[in-house]
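Q: I have a structure I would like to understand better, so I am pasting it below and will then ask my questions one at a time.
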Amino acid sequence: MAFLDDSYLLKGQTARSLFAAVKGLPVVDPHNHANTSEIAANANYPDLWRLFAGTDHYVWSVMRKCGVPEDYITGSASSKEKWLKLASVFPRVAGNPVYEWIHLDLRRGLGIDTVINAGSAEAIWERGNHVLAQESMRPLALLDTMNVEVMCSTDDPVDTLEDHALINAAAGRSLVRPTWRPDKAMNIFKPDWRDYLKKLQKRFDIEFKSIDDLSRALQASHDYFQDKGCRASDHAVVTPLSGVASAKKADKAFKKAFLDKESLDADEREAFMSYLMGEMAEMNAKSGWVTQIHIGAVRDVRDSIASSLGPDSGGDVSTDFIDVLPPLRSFLNRFDGRLKVVLYCLDPSHQPTLTTLSHIYDDNVKLGSAWWLLDTPVGMRRQLEYIGSVELLSNFAGMVSDSRKLLSYQSRFEVFRRVLCDTVAAMVDYGQMPHDVAETLVKNICYDNPKRFFGI
Amino acid sequence: MAFLDDSYLLKGQTARSLFAAVKGLPVVDPHNHANTSEIAANANYPDLWRLFAGTDHYVWSVMRKCGVPEDYITGSASSKEKWLKLASVFPRVAGNPVYEWIHLDLRRGLGIDTVINAGSAEAIWERGNHVLAQESMRPLALLDTMNVEVMCSTDDPVDTLEDHALINAAAGRSLVRPTWRPDKAMNIFKPDWRDYLKKLQKRFDIEFKSIDDLSRALQASHDYFQDKGCRASDHAVVTPLSGVASAKKADKAFKKAFLDKESLDADEREAFMSYLMGEMAEMNAKSGWVTQIHIGAVRDVRDSIASSLGPDSGGDVSTDFIDVLPPLRSFLNRFDGRLKVVLYCLDPSHQPTLTTLSHIYDDNVKLGSAWWLLDTPVGMRRQLEYIGSVELLSNFAGMVSDSRKLLSYQSRFEVFRRVLCDTVAAMVDYGQMPHDVAETLVKNICYDNPKRFFGI
Amino acid sequence: MAFLDDSYLLKGQTARSLFAAVKGLPVVDPHNHANTSEIAANANYPDLWRLFAGTDHYVWSVMRKCGVPEDYITGSASSKEKWLKLASVFPRVAGNPVYEWIHLDLRRGLGIDTVINAGSAEAIWERGNHVLAQESMRPLALLDTMNVEVMCSTDDPVDTLEDHALINAAAGRSLVRPTWRPDKAMNIFKPDWRDYLKKLQKRFDIEFKSIDDLSRALQASHDYFQDKGCRASDHAVVTPLSGVASAKKADKAFKKAFLDKESLDADEREAFMSYLMGEMAEMNAKSGWVTQIHIGAVRDVRDSIASSLGPDSGGDVSTDFIDVLPPLRSFLNRFDGRLKVVLYCLDPSHQPTLTTLSHIYDDNVKLGSAWWLLDTPVGMRRQLEYIGSVELLSNFAGMVSDSRKLLSYQSRFEVFRRVLCDTVAAMVDYGQMPHDVAETLVKNICYDNPKRFFGI
């Protein structure tokens, strides 16, 4: 088998035949970090570096692990210098999915089959930038080529979502839908929380005298998002929130922090956050939205990155030492039967707890795709094997790209579909299910299930 | 390879030849939840639903995950309606072992090779119920067909075990042995604990004025079980118990809870439970019984199931966040060299701790088969690979069905034997052990080892 | 495939061709427990038991799990009796790496291809002891045959390292380098800590009136080791140390324990150990040494072994229930960019946390090979797969034997290289990287990377 050929990630005939059945299905991407203003502007990308690495902390991290100085990563070096540096260390990235994603994007997206290394860097730079200048390489055309039917960006409750309207008008359909991500309102422990709440006050013209006022503003935002096509919220938490704190305690904590500008202890923070999570889940339940919960990322761990580059720059990690069960149990019991929930797992140590937990509820509760650093061929395979044997593959929420760069939506879905088909094919080849049952299963996971569950 | 054909779960020639060596060995099942009154009554099963799903919360859970209303699971719908509903969603269960178990039971047990789905449901119902009405489908005949040599049910210390006597008389041998499961006497935190203790008082005609009286009653029960052929106890715990609490503290806690009807704090509960565990392990040590410890199941997590259906109805989960080492270390050190112990693992996160712990003791301490939600082809394979490389496969306690339905003893053992042979064959094919050594190994694991260790 | 033949642990043609590229590379072993006086003495081994099992608690553990009485393990039985006992149970050890290591040592080292069992035991004993008496079987000749270029022993700060000088003079190069292991100075919670500190005082002629005096003595030892070719320290911890405690708190704790002979509470112990760890890491940073941290082994768990045989006799386990992130995060942030660190993982539950943590730092931070009970074909494979997909295989610190017996350096490296090649070959065969990239990768991991990183 040759590098990234037709059999990429597919071990045998069964795997290849299953992949043939899903290869052409449209992409439905319920969670990503699309730059909607970039898509709305619909301009050509300036160069390969900006396309492949300018916004992608996955690439930055592997460059750092290869000993590349920060100047050539997020610093002042030119795009070309950065690209040449990336290419020169790229053979040392082999095995990490970044190696496969960028090669796939180069092949599928730009039609360049060259293997990236120091020797080929200059030629790829020239040819790639030439290709990028074509009209067919503008964001909207690329989304079309990549067969993206619908994708959901990640947006803040104060956002006004004009770009979404522009894009959808240009596309003639609901191509890009917003997702409601209220983390900034929730994160009372962060230094910029009060400033953010002031923005919220202003955006919805409500003065926050109590936590109820904050809830009303969030409901106004929720209504606005619903009107703009939003069908899901997204929540990033280290430890999940129970959603069952008392309104009184939460209000007291809110007033202490927002009105009296005093700092809170752990219990007070928990009361505020847990209560607010419950309020927002109620909004979701009423609107039939999906509540997406991303669990276990510890943010801003490396001081030198956090202090110089800020969040989402490659300084986050996972930890196994989290007691996920008690809060999730309370949350799922409170909303049992009336709220759609997707649980995303980052640290594989939590997968069994999350999976056995999901397995006892009904089909409103689903497990999401292997998240972030687990979103690799081996991470996805182990996750699918475990989920498939304890819960149900047919209940799996499906793939999300979680990507910050447009060209990568396709490659991430391609990798997922290949891994899924290879994993299910192994079961067919072991005699664990008939081939036709397997084919229906992978088709549903790749298209019908996320369409129906998210209502998009 | 076709669905469930001869090569089911067996990848190559080595795997098939190893399986050929164990396929015909009698079933020795040291732990299950046999309905002994059902076996003793030896009546035909009324219908397919009652046979396959009536008592099996594994089936109920997957139906819920397919969105089936409770009415068609544990509710008032007829057996036929429930069966038709199960069959209609059954293709969506593919990948979960329930899919394979029920198809295996249908094939091996009833001789029906049809794949279950909405289209075949009616025909299978008719034919299956017809087959079930035959004399050869009665419990005792089925146990014979399934080649069950000996099996151990799970029984309460107050049980009088008449059914066991009836069955064994009919079988002409010790076909069904009891297992002593004193969890109800132990679980001082449960609301029905005092009522249960009153039953114990009455059963053994001892008034409980101190914890010593309770111990005496349990010893009387232990003696009774020994006389009826019992050779093992079974203990389900979230966190293991150290077995080293002081008699004085335990007695104080007992009196407070039982005599004074006051509620206990965590320390007092721990003192009582830990001490009692120590007492019971002493009884086991004296009688040469095996102490089976099932670790890490958190019970009754989903409120809506716990409140309407009660325990063992599909509302339990596992959690990785348990500190299993300190109590197990104390327990194993106290009984080092004089107590047979089997540790069953539910959450794969605990497998390494349990395995490295078992590996430092002698052959009285063994690891048990992948428990409950881990009892799947992928769960068993990963467990066997890890145990085999850190501890010894030859020291493995062997398979237990843990099943609540009679027909499933065979399919669970068949799946285990196939996975075991395939896993060991992979080692042979990798050149890690000679073929004849592997064959002896799998034969011992499947038959000789559990026979000898449990003394059954 | 036959037992231990050329294809041992190599599944296909790609794996075999990758292994052919690394098979002949010299062994570079940055961490082991070499008995340097044994090597310096360069005498023939008295018999097979002493060669294979006399100092190896891995062998002792598997014998105990086979029910062998302690007398035939660490007791008074003769070497021959012990060997015969080991051989008689050896077929039951199959699957555990001890089975493969000893067979490999017998084949590669002594040229005896016989499978070990009760029937072959006597003949192997005779022939093996005959071979062992040859001049080519003396330690220095064996190191030459095994193609060991350089290896690092584990030494105490008070050691004077004369044996290293003798060996290197005989070898004509820096064959054996010391490693600085200051655990005894660190472990203030141990009963023999004060006595050890007195040795340190005497060795460097410094009276310890404050923790600064202790630091000065350690610096003197550090300088001495540097002069003798040491390039790394090694630290065994259950929970990692943050290295950020205040000097004042640490000094107070030191004085209380050392001068006032009072016992410390957990906070005081932590302050002392954490501060000292920081001090030693500063020494390493200045000298460009590698700081090796072995995480998560809980020592002396089985009382009956700890009390009769003492440490390192097979009574240690791993536990998943450790919060490794907070202290490591502080430590790595303090020394970010200026300290070489290798993190060794014992319990696979910590691998994701350690891997995502390592992935955010630069190439000074590396993950070490699967440690101790994880150092098995399946343990290494799963570790390499996970590390390779989240961090970078090319940043992997490489294999260390960690072995206590000389003949085993080769077999442990052979097993590692085969597993590495088979794991990377699976990626090549899946189309995830080109063959030439893979070949460079495995060659660098096996030789160039550890040479360069450790500077040896």
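By order in the structure tokens, chains are A, B, ...; within a chain, residues start at 1; ligands start at 1, following the order shown.
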Restrict the calculation to only C-alpha atoms, then for each residue of chain A with any atom at most 7 Å from an atom of chain B give the closest atom pair and their distance in Å to one decimal, rows by chain and rising residue number, as JSON lines.
A:
```
{"residue": "A:Asp323", "atom": "CA", "partner": "B:Phe321", "partner_atom": "CA", "distance": 5.6}
{"residue": "A:Leu325", "atom": "CA", "partner": "B:Thr319", "partner_atom": "CA", "distance": 6.7}
{"residue": "A:Arg329", "atom": "CA", "partner": "B:Val301", "partner_atom": "CA", "distance": 6.7}
{"residue": "A:Asn333", "atom": "CA", "partner": "B:Asp303", "partner_atom": "CA", "distance": 6.2}
{"residue": "A:Ser349", "atom": "CA", "partner": "B:Ser349", "partner_atom": "CA", "distance": 6.1}
{"residue": "A:His350", "atom": "CA", "partner": "B:Asp320", "partner_atom": "CA", "distance": 6.9}
{"residue": "A:Pro352", "atom": "CA", "partner": "B:Asp347", "partner_atom": "CA", "distance": 6.4}
{"residue": "A:Thr353", "atom": "CA", "partner": "B:Thr319", "partner_atom": "CA", "distance": 4.8}
{"residue": "A:Thr356", "atom": "CA", "partner": "B:Val317", "partner_atom": "CA", "distance": 5.0}
{"residue": "A:Leu357", "atom": "CA", "partner": "B:Val317", "partner_atom": "CA", "distance": 5.5}
{"residue": "A:His359", "atom": "CA", "partner": "B:Ser61", "partner_atom": "CA", "distance": 6.7}
{"residue": "A:Ile360", "atom": "CA", "partner": "B:Gly315", "partner_atom": "CA", "distance": 5.4}
{"residue": "A:Tyr361", "atom": "CA", "partner": "B:Lys65", "partner_atom": "CA", "distance": 6.8}
{"residue": "A:Asp362", "atom": "CA", "partner": "B:Lys65", "partner_atom": "CA", "distance": 4.7}
{"residue": "A:Asp363", "atom": "CA", "partner": "B:Lys65", "partner_atom": "CA", "distance": 4.6}
{"residue": "A:Glu385", "atom": "CA", "partner": "B:Val378", "partner_atom": "CA", "distance": 6.9}
{"residue": "A:Gly388", "atom": "CA", "partner": "B:Gly95", "partner_atom": "CA", "distance": 5.3}
{"residue": "A:Ser389", "atom": "CA", "partner": "B:Asn96", "partner_atom": "CA", "distance": 4.3}
{"residue": "A:Val390", "atom": "CA", "partner": "B:Leu373", "partner_atom": "CA", "distance": 5.8}
{"residue": "A:Glu391", "atom": "CA", "partner": "B:Asn96", "partner_atom": "CA", "distance": 6.9}
{"residue": "A:Leu392", "atom": "CA", "partner": "B:Val93", "partner_atom": "CA", "distance": 6.2}
{"residue": "A:Leu393", "atom": "CA", "partner": "B:Gly95", "partner_atom": "CA", "distance": 6.8}
{"residue": "A:Ser394", "atom": "CA", "partner": "B:Arg92", "partner_atom": "CA", "distance": 5.5}
{"residue": "A:Asn395", "atom": "CA", "partner": "B:Lys65", "partner_atom": "CA", "distance": 6.9}
{"residue": "A:Asp429", "atom": "CA", "partner": "B:Met1", "partner_atom": "CA", "distance": 5.6}
{"residue": "A:Tyr430", "atom": "CA", "partner": "B:Leu9", "partner_atom": "CA", "distance": 4.7}
{"residue": "A:Gly431", "atom": "CA", "partner": "B:Phe3", "partner_atom": "CA", "distance": 4.2}
{"residue": "A:Gln432", "atom": "CA", "partner": "B:Phe3", "partner_atom": "CA", "distance": 5.9}
{"residue": "A:Met433", "atom": "CA", "partner": "B:Phe3", "partner_atom": "CA", "distance": 5.5}
{"residue": "A:Pro434", "atom": "CA", "partner": "B:Phe3", "partner_atom": "CA", "distance": 5.3}
{"residue": "A:Val437", "atom": "CA", "partner": "B:Pro91", "partner_atom": "CA", "distance": 6.2}
```
Q: Report as a list in words: the residues of stretch 174-336 of chain C with a DSSP assignment of strand (DSSP E or B), based on the backbone of this structure.
A: Val176, Arg177, Trp180, Ala232, Ser233, Asp234, His235, Ala236, Val237, Val290, Thr291, Gln292, Ile293, His294, Ile295, Ala297, Val298, Val317 and Ser318 of chain C
Q: Mind checking which residues fall within 9 Å of C:Ala236, counting only C-alpha atoms, ignoring those fewer than 5 positions away in the same chain, and posting them as JSON, numbers by chain?
A: {"C": [181, 183, 292, 293, 294, 295, 296, 297]}
Q: Those same residues, written as a PDB file, in the first residue's frame with C-alpha atoms?
A:
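This is the output file selection22.pdb:
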```pdb
ATOM      1  CA  ARG C 181      19.975   8.833  41.624  1.00  0.00           C
ATOM      2  CA  ASP C 183      16.259   9.300  45.956  1.00  0.00           C
ATOM      3  CA  GLN C 292      14.603  11.248  34.232  1.00  0.00           C
ATOM      4  CA  ILE C 293      11.377  10.919  36.219  1.00  0.00           C
ATOM      5  CA  HIS C 294       9.856   7.495  36.858  1.00  0.00           C
ATOM      6  CA  ILE C 295       6.253   7.991  37.936  1.00  0.00           C
ATOM      7  CA  GLY C 296       3.701   5.965  39.804  1.00  0.00           C
ATOM      8  CA  ALA C 297       5.303   2.896  41.363  1.00  0.00           C
TER       9      ALA C 297
END
```
Q: For atom CA of B:Ser233 and atom CA of B:Trp180, quote the distance in Å rounded to one decimal.
A: 4.4 Å
Q: Find the residues near stretch 31-43 of chain A: any atom within 6 Å, counting only C-alpha atoms, skip ones fewer than 6 places away on the same chain, and give them as a VMD selection string.
A: chain A and resid 138 to 139 152 to 154 163 167 400 to 404
Q: What does the distance between atom CA of A:Ser274 and atom CA of A:Pro240 come to in Å, to one decimal place?
A: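 Computing it gives 8.9 Å between the two atoms.
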Q: Might you pull out every residue within 7 Å of C:Val148, with only C-alpha atoms counted and same-chain residues fewer than 2 positions away left off, and present them as a list of chain:residue names?
A: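 Answer for this query is C:Pro26, C:Val27, C:Val28, C:Leu143, C:Asp144, C:Met146, C:Val150.
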Q: So how many Å separate atom CA of B:Val419 and atom CA of B:Lys443, to one decimal?
A: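 If I compute the distance from atom CA of B:Val419 to atom CA of B:Lys443, I get 13.4 Å.
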Q: As a VMD selection string, please: the residues near C:Leu214 (cut-off 10 Å, only C-alpha atoms, same-chain neighbours under 5 positions excluded).
A: chain C and resid 185 197 200 to 201 204 206 to 209 219 to 220 254 276
Q: Using only C-alpha atoms, which residue out of C:Ala15, C:Leu354, C:Val59, C:Ala77 lies closest to C:Trp101?
A: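 Closest residue, counting only C-alpha atoms: C:Val59.
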Q: Pull the alpha helix (DSSP H) assignments for stretch 230-368 of chain C out of DSSP run on the backbone, and list those residues as a ChimeraX atom specification.
A: /C:247-254,266-287,303-309,325-334,351-360
Q: Please provide as a PyMOL selection string all residues within 12 Å of stretch 284-286 of chain C, with the sequence filter that same-chain residues fewer than 4 positions apart are discarded (counting only C-alpha atoms).
A: chain C and resi 179-180+218-219+222-223+225-226+230-234+277-280+290-292+334-341+364+454
